[in-house]
file target.tsv (TSV, C-alpha atoms)
chain	number	residue	atom	x	y	z
L	217	MET	CA	16.48	-31.56	-41.54
L	218	LYS	CA	17.13	-27.97	-40.69
L	219	LYS	CA	18.29	-26.87	-37.34
L	220	LYS	CA	16.30	-24.03	-35.92
L	221	GLY	CA	18.20	-21.55	-33.90
L	222	ASP	CA	19.95	-18.24	-33.79
L	223	LYS	CA	21.97	-17.58	-36.94
L	224	SER	CA	23.77	-14.41	-35.82
L	225	VAL	CA	27.35	-13.57	-36.83
L	226	PRO	CA	29.91	-14.10	-34.06
L	227	ALA	CA	31.66	-10.99	-32.66
L	228	ILE	CA	34.99	-9.99	-34.16
L	229	SER	CA	37.92	-10.45	-31.84
L	230	THR	CA	39.76	-7.18	-31.22
L	231	SER	CA	42.49	-8.61	-29.02
L	232	SER	CA	45.16	-8.27	-31.74
L	233	LEU	CA	44.14	-4.74	-32.74
L	234	PRO	CA	46.70	-2.95	-30.48
L	235	ASP	CA	49.49	-5.11	-31.93
L	236	ILE	CA	48.51	-4.16	-35.47
L	237	ILE	CA	48.30	-0.47	-34.60
L	238	PHE	CA	51.76	-0.49	-32.98
L	239	MET	CA	53.26	-2.31	-35.97
L	240	LEU	CA	51.84	0.31	-38.33
L	241	LEU	CA	53.02	3.12	-36.08
L	242	PHE	CA	56.52	1.62	-35.90
L	243	PHE	CA	56.60	1.16	-39.69
L	244	PHE	CA	55.69	4.80	-40.40
L	245	MET	CA	58.07	6.10	-37.75
L	246	THR	CA	61.00	4.26	-39.30
L	247	THR	CA	60.23	5.06	-42.93
L	248	THR	CA	59.26	8.73	-42.62
L	249	VAL	CA	62.00	11.21	-43.46
L	250	MET	CA	61.88	14.42	-41.50
L	251	ARG	CA	63.19	17.73	-42.79
L	252	GLU	CA	66.95	17.41	-42.85
L	253	THR	CA	67.83	21.07	-43.26
L	254	GLU	CA	67.04	23.83	-40.82
L	255	LEU	CA	66.29	26.98	-42.80
L	256	LYS	CA	68.49	29.90	-41.86
L	257	VAL	CA	67.31	32.13	-44.70
L	258	GLN	CA	63.86	33.46	-45.42
L	259	VAL	CA	62.39	31.87	-48.52
L	260	GLN	CA	59.09	33.19	-49.79
L	261	LEU	CA	58.70	31.45	-53.14
L	262	PRO	CA	57.64	33.37	-56.24
L	263	GLU	CA	54.39	32.44	-57.95
L	264	ALA	CA	54.19	30.59	-61.26
L	265	THR	CA	51.39	29.33	-63.46
L	266	GLU	CA	53.11	26.19	-64.80
L	267	VAL	CA	54.52	24.14	-61.92
L	268	GLN	CA	55.84	20.56	-61.98
L	269	LYS	CA	56.75	18.35	-59.04
L	270	LEU	CA	60.24	16.91	-58.89
L	271	GLU	CA	60.26	13.17	-59.48
L	272	LYS	CA	63.10	11.59	-57.48
L	273	LYS	CA	63.65	13.83	-54.48
L	274	SER	CA	66.62	11.73	-53.39
L	275	LEU	CA	68.50	13.03	-56.46
L	276	VAL	CA	67.76	16.69	-55.71
L	277	SER	CA	70.20	19.02	-53.95
L	278	TYR	CA	68.84	22.27	-52.56
L	279	ILE	CA	70.41	25.71	-52.53
L	280	TYR	CA	68.55	28.33	-50.50
L	281	ILE	CA	69.08	32.03	-51.25
L	282	GLY	CA	67.55	34.86	-49.28
L	283	PRO	CA	67.90	37.23	-46.36
L	284	PRO	CA	68.78	35.65	-42.99
L	285	THR	CA	65.96	34.72	-40.63
L	286	ARG	CA	65.20	37.07	-37.76
L	287	ALA	CA	67.21	34.92	-35.37
L	288	MET	CA	70.28	35.17	-37.61
L	289	VAL	CA	70.11	38.89	-38.47
L	290	ALA	CA	71.87	39.94	-35.24
L	291	LYS	CA	74.86	37.71	-36.02
L	292	TRP	CA	75.05	37.89	-39.83
L	293	GLY	CA	73.35	41.16	-40.78
L	294	ASP	CA	70.53	41.48	-43.27
L	295	SER	CA	72.40	41.04	-46.56
L	296	PRO	CA	71.29	38.07	-48.71
L	297	ARG	CA	72.94	34.73	-47.96
L	298	ILE	CA	73.44	31.36	-49.63
L	299	GLN	CA	72.57	28.33	-47.51
L	300	LEU	CA	73.92	24.89	-48.40
L	301	ASN	CA	72.70	22.15	-46.07
L	302	ASP	CA	72.65	23.67	-42.57
L	303	SER	CA	75.10	26.54	-42.88
L	304	TYR	CA	75.80	29.75	-44.74
L	305	LYS	CA	78.37	29.41	-47.50
L	306	THR	CA	79.97	31.62	-50.10
L	307	LYS	CA	79.44	31.13	-53.80
L	308	GLU	CA	82.98	29.72	-54.09
L	309	GLU	CA	82.03	26.82	-51.80
L	310	ILE	CA	79.34	25.59	-54.19
L	311	LEU	CA	81.91	23.49	-56.11
L	312	ASP	CA	82.73	21.50	-52.95
L	313	PHE	CA	79.02	21.18	-52.11
L	314	ILE	CA	78.18	19.72	-55.54
L	315	ALA	CA	81.16	17.33	-55.34
L	316	ALA	CA	80.00	16.11	-51.92
L	317	GLU	CA	76.43	15.66	-53.17
L	318	ARG	CA	77.68	13.65	-56.16
L	319	ASP	CA	79.65	11.37	-53.86
L	320	LYS	CA	76.46	10.50	-51.95
L	321	VAL	CA	74.75	9.21	-55.12
L	322	SER	CA	75.52	6.06	-57.06
L	323	GLU	CA	77.44	6.36	-60.34
L	324	ALA	CA	74.38	5.36	-62.39
L	325	ASP	CA	72.18	8.08	-60.87
L	326	ARG	CA	74.63	10.99	-61.20
L	327	PRO	CA	73.38	12.12	-64.64
L	328	PHE	CA	69.90	12.49	-63.13
L	329	MET	CA	70.95	14.76	-60.28
L	330	THR	CA	69.15	18.09	-60.14
L	331	VAL	CA	70.00	21.26	-58.24
L	332	ASN	CA	66.91	23.07	-56.98
L	333	ILE	CA	67.30	26.76	-56.23
L	334	LYS	CA	64.88	28.03	-53.62
L	335	ALA	CA	65.27	31.80	-53.69
L	336	HIS	CA	63.24	34.47	-51.94
L	337	LYS	CA	60.89	36.15	-54.41
L	338	ASP	CA	62.43	39.61	-53.83
L	339	MET	CA	66.04	38.52	-54.48
L	340	ARG	CA	68.03	40.33	-57.11
L	341	MET	CA	69.20	38.20	-60.02
L	342	GLY	CA	72.89	39.09	-59.50
L	343	LEU	CA	73.42	36.60	-56.67
L	344	ILE	CA	71.31	33.95	-58.40
L	345	THR	CA	73.36	34.42	-61.59
L	346	ASP	CA	76.59	34.04	-59.57
L	347	VAL	CA	75.26	30.78	-58.12
L	348	LYS	CA	74.34	29.55	-61.61
L	349	GLN	CA	77.85	30.37	-62.87
L	350	GLU	CA	79.38	28.33	-60.04
L	351	LEU	CA	77.01	25.45	-60.84
L	352	ARG	CA	78.16	25.63	-64.46
L	353	LYS	CA	81.80	25.38	-63.31
L	354	ALA	CA	80.83	22.30	-61.24
L	355	ASN	CA	79.14	20.82	-64.32
L	356	ALA	CA	75.77	20.74	-62.52
L	357	LEU	CA	73.65	21.70	-65.51
L	358	LYS	CA	70.23	20.37	-64.44
L	359	ILE	CA	68.77	23.25	-62.47
L	360	SER	CA	65.20	23.84	-61.35
L	361	TYR	CA	63.65	26.76	-59.55
L	362	ALA	CA	61.16	26.34	-56.72
L	363	ALA	CA	57.89	28.23	-57.04
L	364	GLN	CA	54.39	28.05	-55.70
L	365	LYS	CA	51.44	27.62	-58.00
L	366	THR	CA	49.39	30.71	-58.70
L	367	VAL	CA	45.72	30.35	-57.92
L	368	ARG	CA	43.84	31.64	-60.93
L	369	ARG	CA	40.63	33.48	-60.30
L	370	GLY	CA	37.51	32.16	-61.95
L	371	GLU	CA	38.60	28.51	-62.11
call {"tool": "encode", "arguments": {"input": "target.tsv", "output": "structure tokens"}}
result
Amino acid sequence: MKKKGDKSVPAISTSSLPDIIFMLLFFFMTTTVMRETELKVQVQLPEATEVQKLEKKSLVSYIYIGPPTRAMVAKWGDSPRIQLNDSYKTKEEILDFIAAERDKVSEADRPFMTVNIKAHKDMRMGLITDVKQELRKANALKISYAAQKTVRRGE
């Protein structure tokens, strides 16, 4: 007793597709973190052969060192500057910056905090050494340097 007839698959309903797309869009819009810091210094990273990605970016504080951007040269001159968050600071203000960054993090995560120095590749080591000395005074001893991976020829 078989029924003869058309055995085609029914069409898939797409009426809920716009709802799903808008839910996904809303989810990614609310969870995506945009760049929080506007760069006011030029940072062209040096090249390195052995590069590692930082694990927990929420525990990383960034210090930018380099010459001011073209828009800032008229106001600040062309001497190298230190940028902490969104403004130029002096090396003496690094202690307050590290203290403020520590206050943002829970007590359990403080030993895992890292300071990442993003310095222009043509910077002299004097200013970078001064920044490192201030970090030592602030007891911020986990320091990493930002670099871009060198593309090896023949690989």
call {"tool": "closest_residue", "arguments": {"input": "target.tsv", "among": "L:Phe238, L:Phe328, L:Phe313, L:Phe244", "to": "Leu275 (chain L)", "atoms": "only C-alpha atoms"}}
result
L:Phe328
call {"tool": "closest_residue", "arguments": {"input": "target.tsv", "among": "L:Ser360, L:Gln349, L:Ser295, L:Ser277", "to": "Gln258 (chain L)", "atoms": "only C-alpha atoms"}}
result
L:Ser295
call {"tool": "atom_distance", "arguments": {"input": "target.tsv", "atom1": "CA of Asp235 (chain L)", "atom2": "CA of Val249 (chain L)"}}
result
23.6 Å
call {"tool": "axis_aligned_box", "arguments": {"input": "target.tsv", "around": "region 231-241 of chain L", "padding_each_side": "8 Å", "output": "JSON"}}
result
{"center_x": 47.9, "center_y": -2.7, "center_z": -33.7, "size_x": 26.8, "size_y": 27.7, "size_z": 25.3}
call {"tool": "atom_distance", "arguments": {"input": "target.tsv", "atom1": "CA of Ala362 (chain L)", "atom2": "CA of Asp294 (chain L)"}}
result
22.3 Å
call {"tool": "closest_residue", "arguments": {"input": "target.tsv", "among": "L:Val257, L:Met239, L:Ala324, L:Ala356", "to": "Val289 (chain L)", "atoms": "all atoms listed in the file"}}
result
L:Val257
call {"tool": "closest_residue", "arguments": {"input": "target.tsv", "among": "L:Lys256, L:Ile359, L:Thr247, L:Glu309", "to": "Arg297 (chain L)", "atoms": "only C-alpha atoms"}}
result
L:Lys256
call {"tool": "closest_residue", "arguments": {"input": "target.tsv", "among": "L:Thr230, L:Gln299, L:Thr253, L:Asn355", "to": "Ile333 (chain L)", "atoms": "all atoms listed in the file"}}
result
L:Gln299
call {"tool": "closest_residue", "arguments": {"input": "target.tsv", "among": "L:Ala335, L:Met329, L:Ala354, L:Leu343", "to": "Leu311 (chain L)", "atoms": "all atoms listed in the file"}}
result
L:Ala354
call {"tool": "atom_distance", "arguments": {"input": "target.tsv", "atom1": "CA of Pro284 (chain L)", "atom2": "CA of Glu263 (chain L)"}}
result
21.0 Å
call {"tool": "residues_near_point", "arguments": {"input": "target.tsv", "point": "(55.0, 25.5, -54.6)", "cutoff": "12 Å", "atoms": "all atoms listed in the file", "output": "list in words"}}
result
Val259, Gln260, Leu261, Pro262, Glu263, Ala264, Thr265, Glu266, Val267, Gln268, Lys269, Leu270, Lys334, Tyr361, Ala362, Ala363, Gln364, Lys365, Thr366 and Val367 of chain L
call {"tool": "residues_around", "arguments": {"input": "target.tsv", "residues": "Glu252 (chain L)", "least_positions_apart": "4", "cutoff": "12 Å", "atoms": "only C-alpha atoms", "output": "list in words"}}
result
Thr248, Ser274, Ser277, Tyr278, Leu300, Asn301 and Asp302 of chain L
call {"tool": "write_last_selection", "arguments": {"input": "target.tsv", "atoms": "C-alpha atoms", "output": "mmCIF file, in the coordinates of the input"}}
result
data_model
loop_
_atom_site.group_PDB
_atom_site.id
_atom_site.type_symbol
_atom_site.label_atom_id
_atom_site.label_comp_id
_atom_site.auth_asym_id
_atom_site.auth_seq_id
_atom_site.Cartn_x
_atom_site.Cartn_y
_atom_site.Cartn_z
ATOM 1 C CA THR L 248 59.260 8.730 -42.620
ATOM 2 C CA SER L 274 66.620 11.730 -53.390
ATOM 3 C CA SER L 277 70.200 19.020 -53.950
ATOM 4 C CA TYR L 278 68.840 22.270 -52.560
ATOM 5 C CA LEU L 300 73.920 24.890 -48.400
ATOM 6 C CA ASN L 301 72.700 22.150 -46.070
ATOM 7 C CA ASP L 302 72.650 23.670 -42.570
#
call {"tool": "decode", "arguments": {"input": "target.tsv", "residues": "region 226-241 of chain L", "atoms": "all heavy atoms", "output": "PDB file, in the first residue's frame"}}
result
ATOM      1  N   PRO L 226       9.623  20.162   1.036  1.00  0.00           N
ATOM      2  CA  PRO L 226       8.939  21.454   1.098  1.00  0.00           C
ATOM      3  C   PRO L 226       9.952  22.603   1.178  1.00  0.00           C
ATOM      4  O   PRO L 226      11.073  22.446   1.656  1.00  0.00           O
ATOM      5  CB  PRO L 226       8.114  21.364   2.386  1.00  0.00           C
ATOM      6  CG  PRO L 226       8.735  20.294   3.179  1.00  0.00           C
ATOM      7  CD  PRO L 226       9.389  19.352   2.205  1.00  0.00           C
ATOM      8  N   ALA L 227       9.587  23.778   0.734  1.00  0.00           N
ATOM      9  CA  ALA L 227      10.458  24.954   0.738  1.00  0.00           C
ATOM     10  C   ALA L 227      10.736  25.394   2.174  1.00  0.00           C
ATOM     11  O   ALA L 227       9.871  25.294   3.042  1.00  0.00           O
ATOM     12  CB  ALA L 227       9.794  26.079  -0.035  1.00  0.00           C
ATOM     13  N   ILE L 228      11.926  25.914   2.381  1.00  0.00           N
ATOM     14  CA  ILE L 228      12.315  26.401   3.702  1.00  0.00           C
ATOM     15  C   ILE L 228      11.745  27.797   3.900  1.00  0.00           C
ATOM     16  O   ILE L 228      11.883  28.667   3.038  1.00  0.00           O
ATOM     17  CB  ILE L 228      13.853  26.424   3.835  1.00  0.00           C
ATOM     18  CG1 ILE L 228      14.411  25.012   3.707  1.00  0.00           C
ATOM     19  CG2 ILE L 228      14.276  27.055   5.142  1.00  0.00           C
ATOM     20  CD1 ILE L 228      15.911  24.947   3.661  1.00  0.00           C
ATOM     21  N   SER L 229      11.156  28.014   5.033  1.00  0.00           N
ATOM     22  CA  SER L 229      10.575  29.317   5.334  1.00  0.00           C
ATOM     23  C   SER L 229      11.678  30.301   5.693  1.00  0.00           C
ATOM     24  O   SER L 229      12.508  30.036   6.564  1.00  0.00           O
ATOM     25  CB  SER L 229       9.597  29.188   6.496  1.00  0.00           C
ATOM     26  OG  SER L 229       9.167  30.459   6.889  1.00  0.00           O
ATOM     27  N   THR L 230      11.705  31.429   5.037  1.00  0.00           N
ATOM     28  CA  THR L 230      12.726  32.454   5.308  1.00  0.00           C
ATOM     29  C   THR L 230      12.137  33.666   6.021  1.00  0.00           C
ATOM     30  O   THR L 230      12.767  34.714   6.076  1.00  0.00           O
ATOM     31  CB  THR L 230      13.377  32.905   3.988  1.00  0.00           C
ATOM     32  OG1 THR L 230      12.371  33.411   3.122  1.00  0.00           O
ATOM     33  CG2 THR L 230      14.137  31.766   3.337  1.00  0.00           C
ATOM     34  N   SER L 231      10.971  33.521   6.565  1.00  0.00           N
ATOM     35  CA  SER L 231      10.320  34.667   7.208  1.00  0.00           C
ATOM     36  C   SER L 231      11.042  35.118   8.480  1.00  0.00           C
ATOM     37  O   SER L 231      10.981  36.283   8.846  1.00  0.00           O
ATOM     38  CB  SER L 231       8.866  34.340   7.525  1.00  0.00           C
ATOM     39  OG  SER L 231       8.809  33.250   8.429  1.00  0.00           O
ATOM     40  N   SER L 232      11.738  34.222   9.167  1.00  0.00           N
ATOM     41  CA  SER L 232      12.439  34.622  10.392  1.00  0.00           C
ATOM     42  C   SER L 232      13.907  34.991  10.132  1.00  0.00           C
ATOM     43  O   SER L 232      14.618  35.365  11.055  1.00  0.00           O
ATOM     44  CB  SER L 232      12.372  33.490  11.413  1.00  0.00           C
ATOM     45  OG  SER L 232      13.052  32.361  10.915  1.00  0.00           O
ATOM     46  N   LEU L 233      14.347  34.920   8.899  1.00  0.00           N
ATOM     47  CA  LEU L 233      15.740  35.229   8.576  1.00  0.00           C
ATOM     48  C   LEU L 233      16.134  36.669   8.940  1.00  0.00           C
ATOM     49  O   LEU L 233      17.197  36.876   9.532  1.00  0.00           O
ATOM     50  CB  LEU L 233      15.994  34.949   7.095  1.00  0.00           C
ATOM     51  CG  LEU L 233      17.441  34.878   6.651  1.00  0.00           C
ATOM     52  CD1 LEU L 233      18.197  33.821   7.443  1.00  0.00           C
ATOM     53  CD2 LEU L 233      17.523  34.575   5.171  1.00  0.00           C
ATOM     54  N   PRO L 234      15.335  37.696   8.636  1.00  0.00           N
ATOM     55  CA  PRO L 234      15.726  39.055   9.049  1.00  0.00           C
ATOM     56  C   PRO L 234      15.867  39.202  10.563  1.00  0.00           C
ATOM     57  O   PRO L 234      16.763  39.907  11.037  1.00  0.00           O
ATOM     58  CB  PRO L 234      14.591  39.933   8.518  1.00  0.00           C
ATOM     59  CG  PRO L 234      14.004  39.157   7.404  1.00  0.00           C
ATOM     60  CD  PRO L 234      14.152  37.719   7.781  1.00  0.00           C
ATOM     61  N   ASP L 235      15.021  38.529  11.326  1.00  0.00           N
ATOM     62  CA  ASP L 235      15.135  38.595  12.781  1.00  0.00           C
ATOM     63  C   ASP L 235      16.464  38.025  13.253  1.00  0.00           C
ATOM     64  O   ASP L 235      17.123  38.584  14.134  1.00  0.00           O
ATOM     65  CB  ASP L 235      13.982  37.844  13.449  1.00  0.00           C
ATOM     66  CG  ASP L 235      12.630  38.490  13.193  1.00  0.00           C
ATOM     67  OD1 ASP L 235      12.630  39.712  12.926  1.00  0.00           O
ATOM     68  OD2 ASP L 235      11.622  37.784  13.269  1.00  0.00           O
ATOM     69  N   ILE L 236      16.858  36.907  12.690  1.00  0.00           N
ATOM     70  CA  ILE L 236      18.116  36.260  13.069  1.00  0.00           C
ATOM     71  C   ILE L 236      19.292  37.151  12.706  1.00  0.00           C
ATOM     72  O   ILE L 236      20.226  37.331  13.501  1.00  0.00           O
ATOM     73  CB  ILE L 236      18.229  34.876  12.397  1.00  0.00           C
ATOM     74  CG1 ILE L 236      17.145  33.948  12.940  1.00  0.00           C
ATOM     75  CG2 ILE L 236      19.620  34.286  12.608  1.00  0.00           C
ATOM     76  CD1 ILE L 236      17.012  32.655  12.177  1.00  0.00           C
ATOM     77  N   ILE L 237      19.249  37.743  11.522  1.00  0.00           N
ATOM     78  CA  ILE L 237      20.348  38.609  11.089  1.00  0.00           C
ATOM     79  C   ILE L 237      20.470  39.823  12.018  1.00  0.00           C
ATOM     80  O   ILE L 237      21.575  40.195  12.422  1.00  0.00           O
ATOM     81  CB  ILE L 237      20.139  39.042   9.621  1.00  0.00           C
ATOM     82  CG1 ILE L 237      20.372  37.827   8.714  1.00  0.00           C
ATOM     83  CG2 ILE L 237      21.078  40.174   9.242  1.00  0.00           C
ATOM     84  CD1 ILE L 237      20.027  38.048   7.279  1.00  0.00           C
ATOM     85  N   PHE L 238      19.366  40.440  12.378  1.00  0.00           N
ATOM     86  CA  PHE L 238      19.417  41.603  13.266  1.00  0.00           C
ATOM     87  C   PHE L 238      19.868  41.224  14.671  1.00  0.00           C
ATOM     88  O   PHE L 238      20.569  41.996  15.330  1.00  0.00           O
ATOM     89  CB  PHE L 238      18.075  42.335  13.294  1.00  0.00           C
ATOM     90  CG  PHE L 238      17.859  43.183  12.085  1.00  0.00           C
ATOM     91  CD1 PHE L 238      16.831  42.900  11.212  1.00  0.00           C
ATOM     92  CD2 PHE L 238      18.698  44.254  11.810  1.00  0.00           C
ATOM     93  CE1 PHE L 238      16.636  43.685  10.083  1.00  0.00           C
ATOM     94  CE2 PHE L 238      18.519  45.037  10.687  1.00  0.00           C
ATOM     95  CZ  PHE L 238      17.485  44.751   9.819  1.00  0.00           C
ATOM     96  N   MET L 239      19.522  40.040  15.136  1.00  0.00           N
ATOM     97  CA  MET L 239      20.022  39.596  16.449  1.00  0.00           C
ATOM     98  C   MET L 239      21.531  39.412  16.409  1.00  0.00           C
ATOM     99  O   MET L 239      22.239  39.824  17.337  1.00  0.00           O
ATOM    100  CB  MET L 239      19.337  38.287  16.867  1.00  0.00           C
ATOM    101  CG  MET L 239      17.950  38.488  17.421  1.00  0.00           C
ATOM    102  SD  MET L 239      17.261  37.050  18.254  1.00  0.00           S
ATOM    103  CE  MET L 239      17.522  35.736  17.114  1.00  0.00           C
ATOM    104  N   LEU L 240      22.041  38.805  15.352  1.00  0.00           N
ATOM    105  CA  LEU L 240      23.493  38.635  15.222  1.00  0.00           C
ATOM    106  C   LEU L 240      24.194  39.987  15.113  1.00  0.00           C
ATOM    107  O   LEU L 240      25.234  40.213  15.741  1.00  0.00           O
ATOM    108  CB  LEU L 240      23.827  37.765  14.011  1.00  0.00           C
ATOM    109  CG  LEU L 240      23.575  36.284  14.170  1.00  0.00           C
ATOM    110  CD1 LEU L 240      23.749  35.572  12.836  1.00  0.00           C
ATOM    111  CD2 LEU L 240      24.502  35.691  15.207  1.00  0.00           C
ATOM    112  N   LEU L 241      23.638  40.874  14.315  1.00  0.00           N
ATOM    113  CA  LEU L 241      24.215  42.201  14.169  1.00  0.00           C
ATOM    114  C   LEU L 241      24.249  42.938  15.505  1.00  0.00           C
ATOM    115  O   LEU L 241      25.264  43.523  15.884  1.00  0.00           O
ATOM    116  CB  LEU L 241      23.409  43.006  13.144  1.00  0.00           C
ATOM    117  CG  LEU L 241      23.879  44.429  12.879  1.00  0.00           C
ATOM    118  CD1 LEU L 241      25.255  44.404  12.234  1.00  0.00           C
ATOM    119  CD2 LEU L 241      22.889  45.140  11.996  1.00  0.00           C
TER     120      LEU L 241
END
